[in-house]
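Novice: Sharing structure_1.csv (CSV, C-alpha atoms) below.
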chain,number,residue,atom,x,y,z
A,1,MET,CA,48.3,101.1,-112.1
A,2,ASN,CA,49.1,97.4,-112.6
A,3,LYS,CA,51.4,96.5,-115.5
A,4,LYS,CA,52.1,93.0,-116.9
A,5,LYS,CA,54.9,91.6,-118.9
A,6,VAL,CA,54.0,90.8,-122.4
A,7,ILE,CA,54.9,87.8,-124.5
A,8,LEU,CA,54.2,87.2,-128.2
A,9,SER,CA,52.8,83.8,-129.3
A,10,ILE,CA,53.4,83.1,-133.0
A,11,SER,CA,51.2,80.0,-133.3
A,12,GLY,CA,48.3,78.3,-135.1
A,13,HIS,CA,44.7,78.0,-134.1
A,14,ASP,CA,43.4,74.7,-132.8
A,15,PRO,CA,39.6,74.8,-132.9
A,16,SER,CA,39.4,71.9,-130.3
A,17,GLY,CA,40.8,74.3,-127.7
A,18,GLY,CA,43.4,72.0,-126.5
A,19,ALA,CA,46.6,73.3,-128.1
A,20,GLY,CA,48.1,76.1,-130.2
A,21,LEU,CA,47.4,79.7,-129.5
A,22,GLN,CA,44.7,79.1,-126.9
A,23,THR,CA,47.1,77.0,-124.8
A,24,ASP,CA,49.8,79.6,-125.1
A,25,ILE,CA,47.4,82.3,-123.8
A,26,LEU,CA,46.1,80.1,-120.9
A,27,THR,CA,49.6,79.1,-119.9
A,28,SER,CA,50.9,82.7,-119.9
A,29,LYS,CA,47.9,83.8,-117.8
A,30,LEU,CA,48.9,81.4,-115.0
A,31,PHE,CA,52.3,83.1,-115.0
A,32,ASN,CA,50.6,86.5,-114.8
A,33,PHE,CA,51.7,87.5,-118.3
A,34,HIS,CA,49.7,89.2,-121.1
A,35,CYS,CA,49.9,87.2,-124.3
A,36,VAL,CA,49.6,89.0,-127.7
A,37,SER,CA,49.5,86.9,-130.8
A,38,CYS,CA,50.2,86.5,-134.5
A,39,LEU,CA,48.3,83.6,-136.2
A,40,THR,CA,50.4,81.4,-138.5
A,41,CYS,CA,47.6,79.2,-139.7
A,42,GLN,CA,44.0,78.1,-139.3
A,43,THR,CA,43.4,74.4,-138.9
A,44,ILE,CA,40.6,71.9,-139.2
A,45,GLN,CA,41.3,69.5,-136.3
A,46,THR,CA,39.9,67.7,-133.3
A,47,THR,CA,41.7,66.2,-130.3
A,48,GLU,CA,41.9,63.0,-132.4
A,49,LYS,CA,43.3,64.3,-135.8
A,50,LEU,CA,44.6,67.2,-137.8
A,51,PHE,CA,42.6,67.3,-141.1
A,52,LYS,CA,43.7,70.4,-142.9
A,53,VAL,CA,46.1,73.4,-142.4
A,54,ALA,CA,45.5,76.8,-144.1
A,55,SER,CA,48.4,79.2,-143.9
A,56,THR,CA,47.9,82.9,-143.0
A,57,ASP,CA,48.5,85.1,-146.1
A,58,GLN,CA,52.2,86.0,-146.0
A,59,LYS,CA,51.7,89.8,-146.5
A,60,PHE,CA,48.9,89.8,-143.8
A,61,PHE,CA,51.2,87.9,-141.4
A,62,LYS,CA,54.1,90.3,-142.0
A,63,GLU,CA,52.0,93.4,-141.4
A,64,SER,CA,50.6,91.9,-138.2
A,65,LEU,CA,54.0,91.2,-136.9
A,66,LYS,CA,55.2,94.7,-137.9
A,67,HIS,CA,52.4,96.5,-135.9
A,68,LEU,CA,52.8,94.2,-132.9
A,69,LYS,CA,56.5,94.9,-132.7
A,70,LYS,CA,56.0,98.6,-133.1
A,71,SER,CA,53.2,99.0,-130.6
A,72,THR,CA,53.9,96.5,-127.9
A,73,ASP,CA,56.6,96.1,-125.3
A,74,ILE,CA,57.3,92.5,-125.9
A,75,SER,CA,59.5,90.6,-123.4
A,76,GLY,CA,59.7,87.2,-125.2
A,77,ILE,CA,58.5,85.2,-128.1
A,78,LYS,CA,57.1,81.6,-128.3
A,79,VAL,CA,56.9,80.1,-131.8
A,80,GLY,CA,54.6,77.1,-132.4
A,81,ALA,CA,53.1,75.6,-135.5
A,82,ILE,CA,54.5,76.9,-138.8
A,83,PRO,CA,52.7,75.9,-142.0
A,84,ASN,CA,55.4,76.7,-144.6
A,85,LYS,CA,58.8,78.5,-145.3
A,86,ASP,CA,57.1,81.7,-146.3
A,87,ILE,CA,55.7,82.2,-142.8
A,88,ALA,CA,59.1,81.1,-141.4
A,89,LEU,CA,60.9,83.7,-143.5
A,90,GLU,CA,58.8,86.5,-142.0
A,91,ILE,CA,59.6,85.2,-138.5
A,92,ILE,CA,63.3,85.1,-139.4
A,93,ASN,CA,63.2,88.7,-140.6
A,94,ILE,CA,61.7,90.1,-137.4
A,95,PHE,CA,64.1,88.0,-135.2
A,96,SER,CA,67.1,89.8,-136.7
A,97,SER,CA,66.3,93.0,-134.6
A,98,LEU,CA,65.2,91.5,-131.3
A,99,ASP,CA,67.1,90.9,-128.1
A,100,PHE,CA,65.0,88.8,-125.7
A,101,PRO,CA,64.2,85.1,-125.0
A,102,ILE,CA,62.8,83.1,-128.0
A,103,VAL,CA,61.5,79.6,-127.5
A,104,ILE,CA,60.6,77.5,-130.5
A,105,ASP,CA,58.4,74.4,-130.3
A,106,PRO,CA,59.2,72.6,-133.6
A,107,ILE,CA,55.7,71.2,-134.2
A,108,ILE,CA,55.8,68.7,-137.1
A,109,PHE,CA,52.7,66.6,-136.3
A,110,ALA,CA,49.6,67.3,-134.3
A,111,GLY,CA,49.2,65.3,-131.2
A,112,GLY,CA,46.4,63.2,-132.6
A,113,GLY,CA,48.1,62.8,-136.0
A,114,GLY,CA,48.3,64.9,-139.2
A,115,LYS,CA,51.3,66.9,-140.5
A,116,PHE,CA,51.9,70.7,-140.4
A,117,LEU,CA,55.1,70.9,-142.6
A,118,ASN,CA,56.4,69.1,-145.6
A,119,LYS,CA,60.0,67.9,-145.5
A,120,LYS,CA,61.5,70.7,-147.6
A,121,ASP,CA,60.0,73.4,-145.5
A,122,LEU,CA,60.9,71.6,-142.3
A,123,MET,CA,64.5,71.5,-143.4
A,124,PHE,CA,64.4,75.2,-144.2
A,125,CYS,CA,63.1,75.9,-140.6
A,126,ARG,CA,65.7,73.6,-139.1
A,127,ASP,CA,68.6,75.2,-140.9
A,128,LEU,CA,67.6,78.9,-140.9
A,129,LEU,CA,64.9,79.5,-138.2
A,130,TYR,CA,65.6,77.1,-135.4
A,131,PRO,CA,69.2,78.3,-134.8
A,132,ARG,CA,67.9,81.7,-133.9
A,133,SER,CA,66.1,80.4,-130.8
A,134,ASN,CA,67.4,80.5,-127.3
A,135,LEU,CA,65.8,77.1,-126.8
A,136,LEU,CA,64.3,74.4,-129.1
A,137,THR,CA,61.8,72.1,-127.5
A,138,PRO,CA,61.2,69.0,-129.7
A,139,ASN,CA,59.7,65.8,-128.3
A,140,HIS,CA,61.8,62.7,-128.9
A,141,LYS,CA,60.0,61.8,-132.1
A,142,GLU,CA,60.4,65.3,-133.6
A,143,LEU,CA,64.1,65.3,-132.6
A,144,LYS,CA,64.8,62.2,-134.7
A,145,LEU,CA,62.8,63.6,-137.7
A,146,LEU,CA,64.9,66.7,-137.6
A,147,SER,CA,68.1,64.7,-137.6
A,148,ASN,CA,67.2,61.7,-139.8
A,149,ASN,CA,66.5,59.2,-137.1
A,150,ARG,CA,69.8,59.2,-135.2
A,151,SER,CA,70.1,58.4,-131.5
A,152,GLU,CA,69.1,61.2,-129.1
A,153,LYS,CA,72.8,62.0,-128.4
A,154,ASP,CA,73.7,62.0,-132.1
A,155,SER,CA,70.6,63.9,-133.0
A,156,VAL,CA,71.4,66.7,-130.5
A,157,LYS,CA,75.0,66.8,-131.7
A,158,PHE,CA,73.8,67.0,-135.3
A,159,LEU,CA,71.5,70.0,-134.5
A,160,TYR,CA,74.2,71.7,-132.5
A,161,ASP,CA,76.4,71.5,-135.6
A,162,LYS,CA,73.5,73.3,-137.4
A,163,GLY,CA,73.7,76.1,-134.9
A,164,ILE,CA,71.0,75.1,-132.4
A,165,GLU,CA,72.7,75.6,-129.1
A,166,ASN,CA,70.1,74.7,-126.5
A,167,ILE,CA,67.7,71.8,-126.9
A,168,TYR,CA,65.1,70.4,-124.4
A,169,VAL,CA,64.0,67.0,-125.5
A,170,THR,CA,60.6,66.1,-124.0
A,171,GLY,CA,58.3,63.1,-123.6
A,172,ARG,CA,60.6,60.1,-123.7
A,173,LEU,CA,59.1,57.1,-121.8
A,174,ASN,CA,61.7,55.5,-119.4
A,175,LYS,CA,60.7,52.8,-116.9
A,176,GLY,CA,57.3,54.1,-116.0
A,177,THR,CA,58.4,57.8,-116.1
A,178,ILE,CA,58.4,60.6,-118.6
A,179,LEU,CA,62.0,61.8,-119.1
A,180,ASN,CA,62.9,65.3,-120.4
A,181,SER,CA,66.5,66.1,-121.2
A,182,LEU,CA,68.2,69.5,-121.5
A,183,TYR,CA,71.2,69.8,-123.7
A,184,SER,CA,73.5,72.8,-124.1
A,185,LYS,CA,76.2,72.9,-126.8
A,186,GLY,CA,75.6,69.3,-127.5
A,187,ILE,CA,76.1,68.2,-123.9
A,188,LEU,CA,73.5,66.8,-121.5
A,189,ILE,CA,73.2,69.2,-118.5
A,190,ASP,CA,70.0,68.2,-116.8
A,191,GLU,CA,67.2,65.6,-116.7
A,192,THR,CA,63.8,65.8,-115.1
A,193,THR,CA,61.2,63.1,-114.7
A,194,SER,CA,57.5,62.8,-113.9
A,195,LYS,CA,55.1,59.9,-113.4
A,196,PHE,CA,53.9,58.3,-116.7
A,197,LEU,CA,50.1,58.3,-117.0
A,198,ASN,CA,48.8,55.8,-119.5
A,199,ARG,CA,46.6,58.3,-121.4
A,200,ASP,CA,47.0,60.6,-124.5
A,201,PHE,CA,47.3,64.3,-123.8
A,202,HIS,CA,46.7,67.2,-126.2
A,203,GLY,CA,48.8,70.4,-126.1
A,204,THR,CA,51.6,69.4,-123.7
A,205,GLY,CA,54.3,70.7,-126.1
A,206,CYS,CA,52.6,74.1,-126.4
A,207,ALA,CA,52.2,74.4,-122.6
A,208,ILE,CA,55.7,73.5,-121.6
A,209,SER,CA,57.4,75.6,-124.2
A,210,THR,CA,55.3,78.7,-123.2
A,211,ALA,CA,56.0,78.0,-119.5
A,212,ILE,CA,59.7,77.9,-120.2
A,213,LEU,CA,59.5,81.2,-122.0
A,214,CYS,CA,57.7,82.8,-119.0
A,215,ASN,CA,60.4,81.5,-116.7
A,216,LEU,CA,63.1,82.8,-118.9
A,217,VAL,CA,61.5,86.3,-119.1
A,218,ASN,CA,61.3,86.2,-115.3
A,219,LYS,CA,65.1,85.8,-115.3
A,220,LYS,CA,65.3,82.1,-114.4
A,221,LYS,CA,68.3,80.3,-115.6
A,222,LEU,CA,67.7,77.9,-118.4
A,223,LYS,CA,68.1,74.7,-116.3
A,224,ASP,CA,65.6,76.1,-113.7
A,225,ALA,CA,63.2,77.3,-116.3
A,226,CYS,CA,63.0,73.8,-117.8
A,227,SER,CA,62.8,72.0,-114.5
A,228,ASN,CA,60.1,74.4,-113.2
A,229,SER,CA,58.1,74.0,-116.4
A,230,HIS,CA,58.2,70.2,-116.3
A,231,LYS,CA,56.7,70.4,-112.8
A,232,PHE,CA,54.1,72.9,-114.0
A,233,LEU,CA,53.1,70.6,-116.9
A,234,SER,CA,52.9,67.5,-114.6
A,235,LYS,CA,50.3,69.3,-112.6
A,236,LEU,CA,48.3,70.2,-115.7
A,237,VAL,CA,48.4,66.6,-116.9
A,238,GLN,CA,47.2,65.3,-113.5
A,239,ASP,CA,44.3,67.8,-113.6
A,240,SER,CA,43.4,67.1,-117.3
A,241,PHE,CA,39.9,66.2,-118.4
A,242,GLU,CA,38.8,63.5,-120.7
A,243,THR,CA,37.5,64.0,-124.3
A,244,SER,CA,36.5,61.6,-127.0
A,245,GLY,CA,40.1,61.9,-128.4
A,246,GLN,CA,43.1,63.1,-126.4
A,247,ASP,CA,42.7,64.5,-123.0
A,248,ILE,CA,42.9,68.3,-122.6
A,249,LEU,CA,45.0,70.1,-120.0
A,250,ASN,CA,43.0,71.8,-117.3
A,251,PHE,CA,44.3,75.4,-116.7
A,252,LYS,CA,43.2,76.4,-113.2
A,253,LYS,CA,44.8,78.3,-110.4
If you took the structure in this file and wrote it as structure tokens, what would it be?
Specialist:
Amino acid sequence: MNKKKVILSISGHDPSGGAGLQTDILTSKLFNFHCVSCLTCQTIQTTEKLFKVASTDQKFFKESLKHLKKSTDISGIKVGAIPNKDIALEIINIFSSLDFPIVIDPIIFAGGGGKFLNKKDLMFCRDLLYPRSNLLTPNHKELKLLSNNRSEKDSVKFLYDKGIENIYVTGRLNKGTILNSLYSKGILIDETTSKFLNRDFHGTGCAISTAILCNLVNKKKLKDACSNSHKFLSKLVQDSFETSGQDILNFKK
């Protein structure tokens, strides 16, 4: 009888089908994982813009997490969009008794624009939730928002002082390439690059963070997990298809 490893996606729903929970599931499938899920929020959004976020009821969310934890042999957790500190608090509570890889994508804005978290709740997540991750995967804009617009090096040092040990900064444009930088304990330990395509893509942060989690669950070292996942994302970007807003990643074998 076939048995698959299971990861848990704690993410929001993107009705455009280009990001969020759906992207986590599609990514995990390409790594031969089964993805169970706990929905943090519903959204009204397109590939062009996020219009509205409706948080899952806190008690409902807590009960869902409790039953998934009890009934499922989970090997890792990916956390995506969080709508408020109440949902973040329930995630913190369940993290206290877990011992496997946890990757957090600190989503602040949707790719096409529109905000998920207010500043107060974002700071709550930064100080109390994000330090519990094995890896935080902000893009370069999110990194500066989390650290009050310092340079990349100073931003990483600031977050390390907050207790966030490993940070993979994604999506920085550098001389015609996309540069991703992996930091551990405030020190740069690896950089990966891919060709820059002059188009807007939807869901790249969700895909790369879930891919990293799958690599970590498969016992890859952090450096290799990030490097492999950047290559994986580059292929998805090259195969993406056009929409009236941002282009959507194409998940195919």
Novice: When you count only C-alpha atoms, which of these residues is closest to Ile104 of chain A: A:Phe51, A:Phe61, A:Phe124, A:Tyr168?
Specialist: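 Selected residue with least distance to Ile104 of chain A: A:Tyr168.
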Novice: Of the candidates A:Lys5, A:His13, A:His67, A:Lys157, which shows the shortest atom-to-atom distance to Gly203 of chain A, using only C-alpha atoms?
Specialist: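 Counting only C-alpha atoms, the residue closest to Gly203 of chain A is A:His13.
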Novice: Closest to Phe100 of chain A among A:Leu135, A:Ile189, A:Cys125, A:Ala225, using all atoms listed in the file?
Specialist: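 Using all atoms listed in the file, Phe100 of chain A sits closest to A:Leu135.
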Novice: Report, in Å with one decimal, the straight-line distance from atom CA of Gly186 of chain A to atom CA of Ile102 of chain A.
Specialist: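 Taking atom CA of Gly186 of chain A as the start and atom CA of Ile102 of chain A as the end point, the length is 18.8 Å.
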Novice: Can you measure atom CA of Ser75 of chain A to atom CA of Gly163 of chain A for me? One decimal in Å is fine.
Specialist: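 We find that atom CA of Ser75 of chain A and atom CA of Gly163 of chain A lie 23.3 Å from each other.
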Novice: If we count only C-alpha atoms, what is near segment 84-91 of chain A at a cut-off of 8 Å, once residues fewer than 6 positions away on the same chain are taken out, given as a CSV table (one decimal) with C-alpha atoms, keeping the file's coordinate frame?
Specialist:
chain,number,residue,atom,x,y,z
A,40,THR,CA,50.4,81.4,-138.5
A,55,SER,CA,48.4,79.2,-143.9
A,56,THR,CA,47.9,82.9,-143.0
A,58,GLN,CA,52.2,86.0,-146.0
A,61,PHE,CA,51.2,87.9,-141.4
A,62,LYS,CA,54.1,90.3,-142.0
A,117,LEU,CA,55.1,70.9,-142.6
A,118,ASN,CA,56.4,69.1,-145.6
A,121,ASP,CA,60.0,73.4,-145.5
A,122,LEU,CA,60.9,71.6,-142.3
A,124,PHE,CA,64.4,75.2,-144.2
A,125,CYS,CA,63.1,75.9,-140.6
A,129,LEU,CA,64.9,79.5,-138.2
Novice: Closest to Gln238 of chain A among A:Leu188, A:Val6, A:Leu197, A:Leu143, using all atoms listed in the file?
Specialist: A:Leu197
Novice: When you draw a straight line from atom CA of Thr210 of chain A to atom CA of Ser28 of chain A, how long is it in Å?
Specialist: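 Pair atom CA of Thr210 of chain A / atom CA of Ser28 of chain A returns 6.8 Å.
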Novice: Do you know which residues are at most 10 Å from Leu222 of chain A counting only C-alpha atoms, after dropping those on the same chain fewer than 4 positions away, and could you put them as a PyMOL selection string?
Specialist: chain A and resi 134-135+166+168+182+184+212-213+215-216+226-228
Novice: Could you list, as a list in words, every residue within 7 Å of Ile164 of chain A, counting all atoms listed in the file and ignoring same-chain residues fewer than 5 positions away?
Specialist: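 Listing them by chain and then by number gives Tyr130, Pro131 and Leu159 of chain A.
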Novice: Write out as JSON lines the residues of segment 133-234 of chain A that have any atom within 12 Å of an atom of segment 44-49 of chain A, one row each with the nearest atom pair and its distance in Å to one decimal, counting all atoms listed in the file, sorted by chain and then rising number.
Specialist:
{"residue": "A:Asp200", "atom": "CA", "partner": "A:Thr47", "partner_atom": "CA", "distance": 9.6}
{"residue": "A:Phe201", "atom": "CA", "partner": "A:Thr47", "partner_atom": "CA", "distance": 8.8}
{"residue": "A:His202", "atom": "CA", "partner": "A:Thr47", "partner_atom": "CA", "distance": 6.5}
{"residue": "A:Gly203", "atom": "CA", "partner": "A:Thr47", "partner_atom": "CA", "distance": 9.3}
